[in-house]
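K.L.:
Next comes the structure file work_31.cif, holding mmCIF, C-alpha atoms.
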```
data_start
loop_
_atom_site.group_PDB
_atom_site.id
_atom_site.type_symbol
_atom_site.label_atom_id
_atom_site.label_comp_id
_atom_site.auth_asym_id
_atom_site.auth_seq_id
_atom_site.Cartn_x
_atom_site.Cartn_y
_atom_site.Cartn_z
ATOM 1 C CA MET O 1 88.454 76.044 88.771
ATOM 2 C CA SER O 2 88.347 75.639 84.978
ATOM 3 C CA ASN O 3 89.920 77.654 82.182
ATOM 4 C CA HIS O 4 87.207 80.270 82.627
ATOM 5 C CA ALA O 5 88.540 80.944 86.137
ATOM 6 C CA ASP O 6 89.345 84.593 85.542
ATOM 7 C CA ILE O 7 88.324 87.895 87.064
ATOM 8 C CA SER O 8 84.843 87.604 85.638
ATOM 9 C CA SER O 9 82.864 89.263 88.375
ATOM 10 C CA MET O 10 83.674 92.291 90.471
ATOM 11 C CA ASP O 11 80.413 92.987 92.225
ATOM 12 C CA VAL O 12 79.684 93.324 95.907
ATOM 13 C CA THR O 13 76.186 94.002 97.156
ATOM 14 C CA LEU O 14 76.915 96.945 99.416
ATOM 15 C CA ALA O 15 74.017 99.280 98.632
ATOM 16 C CA PRO O 16 73.086 100.961 101.936
ATOM 17 C CA ALA O 17 69.687 100.211 103.395
ATOM 18 C CA ILE O 18 67.894 103.551 103.577
ATOM 19 C CA GLY O 19 64.540 104.465 104.989
ATOM 20 C CA ARG O 20 62.436 102.772 107.602
ATOM 21 C CA GLY O 21 59.090 101.126 107.575
ATOM 22 C CA GLY O 22 57.068 100.664 104.403
ATOM 23 C CA ASP O 23 55.539 97.664 102.669
ATOM 24 C CA PRO O 24 57.284 94.274 102.576
ATOM 25 C CA ALA O 25 58.279 94.663 98.912
ATOM 26 C CA THR O 26 59.994 97.964 99.663
ATOM 27 C CA LEU O 27 61.770 96.483 102.668
ATOM 28 C CA ARG O 28 62.997 93.543 100.597
ATOM 29 C CA ARG O 29 64.353 95.994 98.037
ATOM 30 C CA LEU O 30 66.070 98.180 100.641
ATOM 31 C CA HIS O 31 67.194 95.257 102.813
ATOM 32 C CA PRO O 32 67.913 92.440 100.345
ATOM 33 C CA PRO O 33 68.840 89.045 101.734
ATOM 34 C CA PRO O 34 72.571 88.271 101.677
ATOM 35 C CA ALA O 35 74.013 86.988 98.417
ATOM 36 C CA ARG O 36 74.543 83.272 98.907
ATOM 37 C CA HIS O 37 77.804 81.588 97.924
ATOM 38 C CA ARG O 38 79.078 78.060 98.348
ATOM 39 C CA SER O 39 82.292 79.347 99.953
ATOM 40 C CA ILE O 40 83.867 82.666 100.880
ATOM 41 C CA PHE O 41 87.622 83.167 101.304
ATOM 42 C CA LEU O 42 88.799 86.208 103.283
ATOM 43 C CA SER O 43 92.379 87.090 104.106
ATOM 44 C CA ASP O 44 94.516 89.918 105.468
ATOM 45 C CA MET O 45 91.842 91.797 107.403
ATOM 46 C CA HIS O 46 94.529 92.992 109.849
ATOM 47 C CA LEU O 47 91.963 93.814 112.522
ATOM 48 C CA GLY O 48 93.598 96.075 115.084
ATOM 49 C CA ASN O 49 95.664 97.846 112.432
ATOM 50 C CA ARG O 50 94.773 101.505 111.865
ATOM 51 C CA ARG O 51 94.577 100.884 108.126
ATOM 52 C CA SER O 52 92.144 97.962 108.346
ATOM 53 C CA ARG O 53 88.917 98.688 106.465
ATOM 54 C CA SER O 54 86.819 96.826 108.999
ATOM 55 C CA ASP O 55 83.873 99.048 108.022
ATOM 56 C CA LEU O 56 83.934 97.506 104.548
ATOM 57 C CA ILE O 57 84.454 94.002 105.955
ATOM 58 C CA ARG O 58 81.412 94.528 108.172
ATOM 59 C CA SER O 59 79.298 95.587 105.185
ATOM 60 C CA PHE O 60 80.576 92.665 103.123
ATOM 61 C CA LEU O 61 79.678 90.139 105.825
ATOM 62 C CA GLU O 62 76.215 91.658 106.173
ATOM 63 C CA ARG O 63 75.598 91.362 102.416
ATOM 64 C CA ASN O 64 77.243 87.996 101.694
ATOM 65 C CA ALA O 65 76.862 84.539 103.223
ATOM 66 C CA ALA O 66 78.189 81.057 102.489
ATOM 67 C CA ASP O 67 78.051 77.447 103.611
ATOM 68 C CA THR O 68 81.791 77.619 104.377
ATOM 69 C CA VAL O 69 83.961 80.616 105.241
ATOM 70 C CA TYR O 70 87.750 80.321 105.082
ATOM 71 C CA LEU O 71 89.826 82.853 107.011
ATOM 72 C CA VAL O 72 93.119 82.729 105.117
ATOM 73 C CA GLY O 73 95.427 84.357 107.644
ATOM 74 C CA ASP O 74 96.348 87.768 109.054
ATOM 75 C CA ILE O 75 92.829 88.174 110.398
ATOM 76 C CA VAL O 76 94.038 89.812 113.623
ATOM 77 C CA ASP O 77 97.218 91.902 113.438
ATOM 78 C CA THR O 78 99.462 91.100 116.423
ATOM 79 C CA TRP O 79 102.614 92.746 115.059
ATOM 80 C CA HIS O 80 102.048 96.156 116.614
ATOM 81 C CA PRO O 81 103.692 96.625 120.031
ATOM 82 C CA SER O 82 101.110 99.110 121.302
ATOM 83 C CA GLY O 83 98.413 96.435 121.271
ATOM 84 C CA GLY O 84 96.767 97.675 118.124
ATOM 85 C CA HIS O 85 94.043 100.152 117.312
ATOM 86 C CA TRP O 86 90.674 98.481 117.865
ATOM 87 C CA THR O 87 87.527 100.189 116.633
ATOM 88 C CA ASP O 88 83.868 99.292 117.092
ATOM 89 C CA ASP O 89 83.873 97.926 113.528
ATOM 90 C CA ASP O 90 86.908 95.719 114.319
ATOM 91 C CA ARG O 91 85.125 94.262 117.323
ATOM 92 C CA HIS O 92 81.872 93.824 115.388
ATOM 93 C CA VAL O 93 83.662 91.918 112.609
ATOM 94 C CA LEU O 94 85.337 89.627 115.143
ATOM 95 C CA ARG O 95 82.025 88.934 116.907
ATOM 96 C CA THR O 96 80.338 88.231 113.564
ATOM 97 C CA LEU O 97 83.007 85.732 112.536
ATOM 98 C CA MET O 98 82.883 83.958 115.892
ATOM 99 C CA ALA O 99 79.086 83.713 115.682
ATOM 100 C CA LEU O 100 79.052 82.083 112.241
ATOM 101 C CA PRO O 101 79.381 78.457 113.490
ATOM 102 C CA GLN O 102 76.264 78.937 115.634
ATOM 103 C CA SER O 103 74.325 79.839 112.475
ATOM 104 C CA GLY O 104 75.415 76.629 110.741
ATOM 105 C CA THR O 105 78.299 78.064 108.727
ATOM 106 C CA ARG O 106 81.502 76.061 108.702
ATOM 107 C CA VAL O 107 84.478 78.323 109.496
ATOM 108 C CA VAL O 108 88.075 77.239 108.796
ATOM 109 C CA TYR O 109 90.839 79.507 110.098
ATOM 110 C CA VAL O 110 94.314 79.198 108.557
ATOM 111 C CA PRO O 111 96.547 81.638 110.511
ATOM 112 C CA GLY O 112 99.142 83.805 108.782
ATOM 113 C CA ASN O 113 102.394 85.426 109.825
ATOM 114 C CA HIS O 114 100.725 88.422 111.494
ATOM 115 C CA ASP O 115 98.577 86.112 113.652
ATOM 116 C CA SER O 116 101.087 83.246 113.795
ATOM 117 C CA ARG O 117 100.544 82.641 117.520
ATOM 118 C CA PHE O 118 97.341 80.807 116.567
ATOM 119 C CA ARG O 119 99.390 78.287 114.615
ATOM 120 C CA GLN O 120 100.384 76.835 117.969
ATOM 121 C CA VAL O 121 96.835 75.473 118.355
ATOM 122 C CA ALA O 122 96.430 74.228 114.757
ATOM 123 C CA GLY O 123 94.381 71.040 114.670
ATOM 124 C CA THR O 124 91.979 72.199 117.353
ATOM 125 C CA SER O 125 88.683 74.065 117.330
ATOM 126 C CA PHE O 126 87.628 77.188 119.188
ATOM 127 C CA GLY O 127 83.960 78.090 119.462
ATOM 128 C CA GLY O 128 83.237 75.859 116.485
ATOM 129 C CA ILE O 129 85.957 77.479 114.350
ATOM 130 C CA GLU O 130 88.399 74.920 112.941
ATOM 131 C CA ILE O 131 92.038 76.066 113.204
ATOM 132 C CA ARG O 132 94.320 74.513 110.599
ATOM 133 C CA ALA O 133 97.914 75.110 109.512
ATOM 134 C CA GLU O 134 96.605 74.594 105.985
ATOM 135 C CA ALA O 135 93.507 73.090 104.429
ATOM 136 C CA VAL O 136 92.330 71.382 101.264
ATOM 137 C CA HIS O 137 89.099 72.763 99.830
ATOM 138 C CA LEU O 138 86.848 70.480 97.785
ATOM 139 C CA ALA O 139 85.034 72.694 95.273
ATOM 140 C CA GLY O 140 81.558 72.168 93.876
ATOM 141 C CA ASP O 141 82.956 70.730 90.639
ATOM 142 C CA GLY O 142 85.101 68.161 92.485
ATOM 143 C CA ARG O 143 88.402 69.993 92.119
ATOM 144 C CA ARG O 144 90.680 70.354 95.146
ATOM 145 C CA TYR O 145 92.594 73.421 96.231
ATOM 146 C CA LEU O 146 95.330 73.991 98.769
ATOM 147 C CA VAL O 147 94.326 76.788 101.168
ATOM 148 C CA VAL O 148 97.355 78.372 102.805
ATOM 149 C CA HIS O 149 98.206 81.896 103.891
ATOM 150 C CA GLY O 150 101.237 82.055 101.582
ATOM 151 C CA ASP O 151 104.092 83.259 103.759
ATOM 152 C CA CYS O 152 105.529 79.739 103.539
ATOM 153 C CA CYS O 153 106.647 80.671 100.014
ATOM 154 C CA ASP O 154 107.766 84.217 100.811
ATOM 155 C CA VAL O 155 111.560 84.063 100.419
ATOM 156 C CA PHE O 156 112.079 87.525 101.907
ATOM 157 C CA SER O 157 110.160 86.680 105.080
ATOM 158 C CA HIS O 158 112.131 83.483 105.630
ATOM 159 C CA ARG O 159 115.612 84.776 104.789
ATOM 160 C CA ALA O 160 115.273 88.118 106.566
ATOM 161 C CA PRO O 161 112.348 87.941 109.026
ATOM 162 C CA VAL O 162 113.510 90.929 111.074
ATOM 163 C CA MET O 163 113.802 93.076 107.956
ATOM 164 C CA ALA O 164 110.423 91.863 106.769
ATOM 165 C CA ARG O 165 108.813 92.869 110.035
ATOM 166 C CA ALA O 166 110.590 96.227 110.056
ATOM 167 C CA GLY O 167 109.530 96.779 106.467
ATOM 168 C CA SER O 168 105.920 96.091 107.391
ATOM 169 C CA LEU O 169 106.028 98.623 110.216
ATOM 170 C CA ILE O 170 107.698 101.219 107.977
ATOM 171 C CA GLU O 171 105.045 100.685 105.325
ATOM 172 C CA THR O 172 102.350 101.130 107.961
ATOM 173 C CA MET O 173 103.841 104.482 109.005
ATOM 174 C CA VAL O 174 104.214 105.636 105.395
ATOM 175 C CA ARG O 175 100.628 104.689 104.621
ATOM 176 C CA ALA O 176 99.489 106.567 107.741
ATOM 177 C CA LEU O 177 101.326 109.621 106.397
ATOM 178 C CA ASP O 178 99.611 109.102 103.058
ATOM 179 C CA ALA O 179 96.195 108.878 104.724
ATOM 180 C CA GLY O 180 96.923 112.082 106.646
ATOM 181 C CA GLN O 181 97.875 114.099 103.591
ATOM 182 C CA ARG O 182 94.783 112.818 101.762
ATOM 183 C CA ARG O 183 92.558 113.956 104.631
ATOM 184 C CA VAL O 184 94.141 117.408 104.553
ATOM 185 C CA LEU O 185 93.656 117.707 100.802
ATOM 186 C CA ARG O 186 90.028 116.589 101.091
ATOM 187 C CA SER O 187 89.392 119.119 103.867
ATOM 188 C CA VAL O 188 90.544 121.979 101.625
ATOM 189 C CA ARG O 189 88.703 120.493 98.632
ATOM 190 C CA GLN O 190 91.830 119.735 96.662
ATOM 191 C CA THR O 191 92.477 116.729 94.432
ATOM 192 C CA GLU O 192 94.079 113.901 96.391
ATOM 193 C CA TRP O 193 97.732 113.174 95.599
ATOM 194 C CA CYS O 194 98.366 109.461 95.012
ATOM 195 C CA GLY O 195 102.151 109.592 94.709
ATOM 196 C CA ILE O 196 102.887 107.765 97.967
ATOM 197 C CA GLU O 197 100.420 104.974 97.203
ATOM 198 C CA ALA O 198 101.825 104.596 93.688
ATOM 199 C CA ALA O 199 105.399 104.395 95.025
ATOM 200 C CA ILE O 200 104.426 101.708 97.559
ATOM 201 C CA ALA O 201 102.632 99.743 94.837
ATOM 202 C CA ARG O 202 105.646 99.878 92.507
ATOM 203 C CA THR O 203 108.017 98.826 95.304
ATOM 204 C CA ASN O 204 105.846 95.906 96.410
ATOM 205 C CA ALA O 205 105.295 94.771 92.826
ATOM 206 C CA ALA O 206 109.042 94.769 92.175
ATOM 207 C CA ILE O 207 109.701 92.731 95.328
ATOM 208 C CA ARG O 208 107.022 90.202 94.460
ATOM 209 C CA ARG O 209 108.258 89.766 90.893
ATOM 210 C CA HIS O 210 111.670 88.922 92.294
ATOM 211 C CA ASP O 211 110.142 86.536 94.846
ATOM 212 C CA ARG O 212 108.265 84.519 92.167
ATOM 213 C CA PHE O 213 105.830 83.598 94.940
ATOM 214 C CA GLU O 214 102.938 82.809 92.604
ATOM 215 C CA GLU O 215 105.089 80.292 90.749
ATOM 216 C CA ARG O 216 106.288 78.647 93.972
ATOM 217 C CA LEU O 217 102.802 78.414 95.469
ATOM 218 C CA SER O 218 101.460 76.941 92.226
ATOM 219 C CA ALA O 219 104.299 74.404 92.249
ATOM 220 C CA LEU O 220 103.429 73.497 95.861
ATOM 221 C CA ALA O 221 99.831 72.719 94.863
ATOM 222 C CA ARG O 222 100.986 70.754 91.839
ATOM 223 C CA LEU O 223 103.398 68.741 94.020
ATOM 224 C CA ARG O 224 100.481 67.811 96.303
ATOM 225 C CA GLY O 225 98.464 66.621 93.297
ATOM 226 C CA LEU O 226 95.923 69.420 93.732
ATOM 227 C CA ASP O 227 94.163 71.548 91.144
ATOM 228 C CA GLY O 228 95.198 74.917 92.524
ATOM 229 C CA VAL O 229 96.076 77.104 95.485
ATOM 230 C CA ILE O 230 94.102 79.769 97.372
ATOM 231 C CA CYS O 231 96.170 82.184 99.447
ATOM 232 C CA GLY O 232 96.557 85.680 100.842
ATOM 233 C CA HIS O 233 99.644 87.344 102.374
ATOM 234 C CA PHE O 234 100.834 89.295 99.332
ATOM 235 C CA HIS O 235 97.935 91.801 99.216
ATOM 236 C CA GLN O 236 97.677 91.390 95.448
ATOM 237 C CA PRO O 237 94.283 89.995 94.363
ATOM 238 C CA ALA O 238 94.686 87.549 91.500
ATOM 239 C CA LEU O 239 92.902 84.714 89.734
ATOM 240 C CA HIS O 240 94.703 82.907 86.914
ATOM 241 C CA ARG O 241 96.295 79.689 85.630
ATOM 242 C CA LYS O 242 99.696 80.968 84.468
ATOM 243 C CA PHE O 243 101.688 78.156 86.094
ATOM 244 C CA GLY O 244 99.686 75.068 85.161
ATOM 245 C CA VAL O 245 97.241 75.123 88.089
ATOM 246 C CA ALA O 246 94.747 77.659 89.379
ATOM 247 C CA TYR O 247 96.215 80.449 91.502
ATOM 248 C CA ALA O 248 93.860 82.605 93.572
ATOM 249 C CA ASN O 249 94.887 85.377 95.955
ATOM 250 C CA CYS O 250 92.080 86.790 98.090
ATOM 251 C CA GLY O 251 93.669 90.245 98.293
ATOM 252 C CA ASP O 252 93.404 92.249 101.495
ATOM 253 C CA TRP O 253 91.320 94.751 103.463
ATOM 254 C CA LEU O 254 93.945 97.471 103.709
ATOM 255 C CA GLY O 255 93.693 98.750 100.164
ATOM 256 C CA SER O 256 92.312 96.364 97.556
ATOM 257 C CA ASN O 257 89.344 95.339 99.773
ATOM 258 C CA THR O 258 88.616 92.083 97.979
ATOM 259 C CA ALA O 259 87.357 88.582 98.708
ATOM 260 C CA LEU O 260 87.251 85.338 96.774
ATOM 261 C CA VAL O 261 83.899 83.578 96.483
ATOM 262 C CA GLU O 262 82.866 80.222 95.050
ATOM 263 C CA ARG O 263 79.617 79.686 93.201
ATOM 264 C CA LEU O 264 77.597 76.510 93.605
ATOM 265 C CA ASP O 265 79.110 75.113 90.386
ATOM 266 C CA GLY O 266 82.680 75.538 91.629
ATOM 267 C CA HIS O 267 83.396 78.680 89.614
ATOM 268 C CA PHE O 268 85.383 81.339 91.489
ATOM 269 C CA ASP O 269 85.024 85.117 91.394
ATOM 270 C CA LEU O 270 86.906 87.982 92.979
ATOM 271 C CA LEU O 271 84.634 90.558 94.570
ATOM 272 C CA GLY O 272 86.012 94.014 95.239
ATOM 273 C CA VAL O 273 84.999 97.285 96.817
ATOM 274 C CA MET O 274 86.681 100.569 96.044
ATOM 275 C CA ASP O 275 88.367 102.308 98.956
ATOM 276 C CA ARG O 276 86.122 105.347 98.921
ATOM 277 C CA GLY O 277 82.428 105.085 99.604
ATOM 278 C CA ALA O 278 82.178 101.312 99.276
ATOM 279 C CA GLU O 279 81.527 101.641 95.549
ATOM 280 C CA PRO O 280 81.574 98.436 93.459
ATOM 281 C CA ILE O 281 84.590 98.251 91.138
ATOM 282 C CA PRO O 282 83.253 98.480 87.542
ATOM 283 C CA ALA O 283 83.788 95.221 85.673
ATOM 284 C CA ASP O 284 85.568 96.938 82.773
ATOM 285 C CA ARG O 285 88.130 98.399 85.207
ATOM 286 C CA ALA O 286 88.492 95.331 87.414
ATOM 287 C CA GLU O 287 91.858 94.090 86.167
ATOM 288 C CA GLY O 288 93.429 97.544 86.176
ATOM 289 C CA ALA O 289 92.092 98.318 89.633
ATOM 290 C CA LEU O 290 93.373 95.039 90.998
ATOM 291 C CA ALA O 291 96.748 95.401 89.383
ATOM 292 C CA HIS O 292 97.334 98.624 91.271
ATOM 293 C CA ALA O 293 95.787 97.608 94.601
ATOM 294 C CA VAL O 294 98.600 96.582 96.939
#
```
Can you give me the file's structure in the form of structure tokens?
P.N.:
Amino acid sequence: MSNHADISSMDVTLAPAIGRGGDPATLRRLHPPPARHRSIFLSDMHLGNRRSRSDLIRSFLERNAADTVYLVGDIVDTWHPSGGHWTDDDRHVLRTLMALPQSGTRVVYVPGNHDSRFRQVAGTSFGGIEIRAEAVHLAGDGRRYLVVHGDCCDVFSHRAPVMARAGSLIETMVRALDAGQRRVLRSVRQTEWCGIEAAIARTNAAIRRHDRFEERLSALARLRGLDGVICGHFHQPALHRKFGVAYANCGDWLGSNTALVERLDGHFDLLGVMDRGAEPIPADRAEGALAHAV
């Protein structure tokens, strides 16, 4: 990732295929082939969580393909005692990911803290999916990047794991309340109130500034002699070089709905989809939208 590794592209091909039949040219226009990338990095899907936007993940996977797909942790959410809330879209996404190796796509799975039980089998493969505690990605331009979920550098999670887990569950309940009040307001055709979401964003941003996690993860990559780090965990999409090496956070699929992709030349882009209607995030609003997506 060079000095131009910034948020230069915020475009996801998610135009719905409408209509049936017609001439081949029309079908190609309505059903375009998937955008091809060298690599795709996805994190924090939280499948099984009520807030997971598995519908958007499903659309993204149908419209984007790559030679290598990295699953950067918290793919399946195992933190909920009731066994989770699995939808048809959740199951479809899981089946799609598990089928990728059969289509020739290399899949590397780096578990996170919400799916940490899979760390017990790191170093093995399942159905062609490589399970690794961490990985080193060799980019198209020859640069090397540490791929790790990121909770290893989360001070709060390590010093107070019970509080961290409780905080996650509390946030889930608060966000469910937020989703409920939004649905009510939409049903009576009133403007949605974003106060709860804004409060959560401010709280999380304050915690993360205190944690200095980006600085610690960048230092970890630098210590390994690598050119940068690619992570998830913190639900804050980012792409910069503030700490001497490249830092890339894939974001999440609970609110920001973003993925990191690598072009053939080794250049990285963040692709994002707005929460409502799967609308592409306009490029001129990309940084602002990402800064407030937690």
K.L.:
For Arg119 (chain O), which residue out of O:Arg58, O:Arg144, O:His149, O:Arg263 is the nearest one, using all atoms listed in the file?
P.N.:
O:His149
K.L.:
Would you be able to write out as a list in words which residues have an atom within 12 Å of (91.4, 69.9, 102.3) in the file's coordinates, counting all atoms listed in the file?
P.N.:
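Neighbouring residues, ordered by chain and number, come to Tyr70, Val108, Val110, Arg132, Ala133, Glu134, Ala135, Val136, His137, Leu138, Ala139, Gly142, Arg143, Arg144, Tyr145, Leu146, Val147, Val148, Ala221, Arg224, Gly225, Leu226, Asp227, Gly228, Val229 and Ile230 of chain O.
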K.L.:
Return as a list in words the set of residues that the PyMOL selection byres ((chain O and resi 92) around 12) yields on the displayed structure.
P.N.:
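Applying the PyMOL selection byres ((chain O and resi 92) around 12) to the structure shown produces Leu47, Gly48, Ser54, Asp55, Leu56, Ile57, Arg58, Ser59, Leu61, Glu62, Trp86, Thr87, Asp88, Asp89, Asp90, Arg91, Val93, Leu94, Arg95, Thr96, Leu97, Met98 and Ala99 of chain O.
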K.L.:
Do you know which residues the PyMOL selection byres ((chain O and resi 76) around 8) returns on this file, as a PyMOL selection string?
P.N.:
chain O and resi 45-48+74-75+77-78+114-115
K.L.:
Counting all atoms listed in the file, find residues at most 6 Å from (100.7, 87.5, 96.7) (file frame) and give them as a list in words.
P.N.:
His233, Phe234, His235 and Gln236 of chain O
K.L.:
Looking at O:Cys250, O:Phe118, O:Gly140, O:Arg189, which one is nearest to His267 (chain O), with distances taken over all atoms listed in the file?
P.N.:
O:Gly140
K.L.:
Could you check how far CA of Ser218 (chain O) sits from CA of Leu270 (chain O), in Å to one decimal?
P.N.:
18.3 Å
K.L.:
Can you work out which one of O:Val72, O:Ile131, O:Leu217, O:Ala122 has the shortest atom-to-atom distance to Tyr247 (chain O), counting all atoms listed in the file?
P.N.:
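Closest candidate: O:Leu217.
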K.L.:
List the residues selected by the PyMOL selection byres ((chain O and resi 100) around 10) in the file shown, writing them as a list in words.
P.N.:
Ala65, Ala66, Asp67, Thr68, Val69, Arg95, Thr96, Leu97, Met98, Ala99, Pro101, Gln102, Ser103, Gly104, Thr105, Arg106, Val107, Gly127, Gly128 and Ile129 of chain O
K.L.:
Have a look at O:Gly255, O:Pro111, O:Gly266, O:Gly272 and name the one nearest to Arg53 (chain O); count all atoms listed in the file.
P.N.:
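That would be O:Gly255, the residue with the smallest distance to Arg53 (chain O).
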K.L.:
With only C-alpha atoms as the atoms that count, which of O:Cys231, O:Leu71, O:Leu254, O:Ala219 lies nearest to Gly150 (chain O)?
P.N.:
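Of O:Cys231, O:Leu71, O:Leu254, O:Ala219, the one nearest Gly150 (chain O), counting only C-alpha atoms, is O:Cys231.
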K.L.:
Could you work out how far CA of Leu260 (chain O) lies from CA of Ala246 (chain O), giving the answer in Å with one decimal?
P.N.:
13.0 Å
K.L.:
Separation of CA of Asp269 (chain O) and CA of Arg38 (chain O), in Å?
P.N.:
11.6 Å
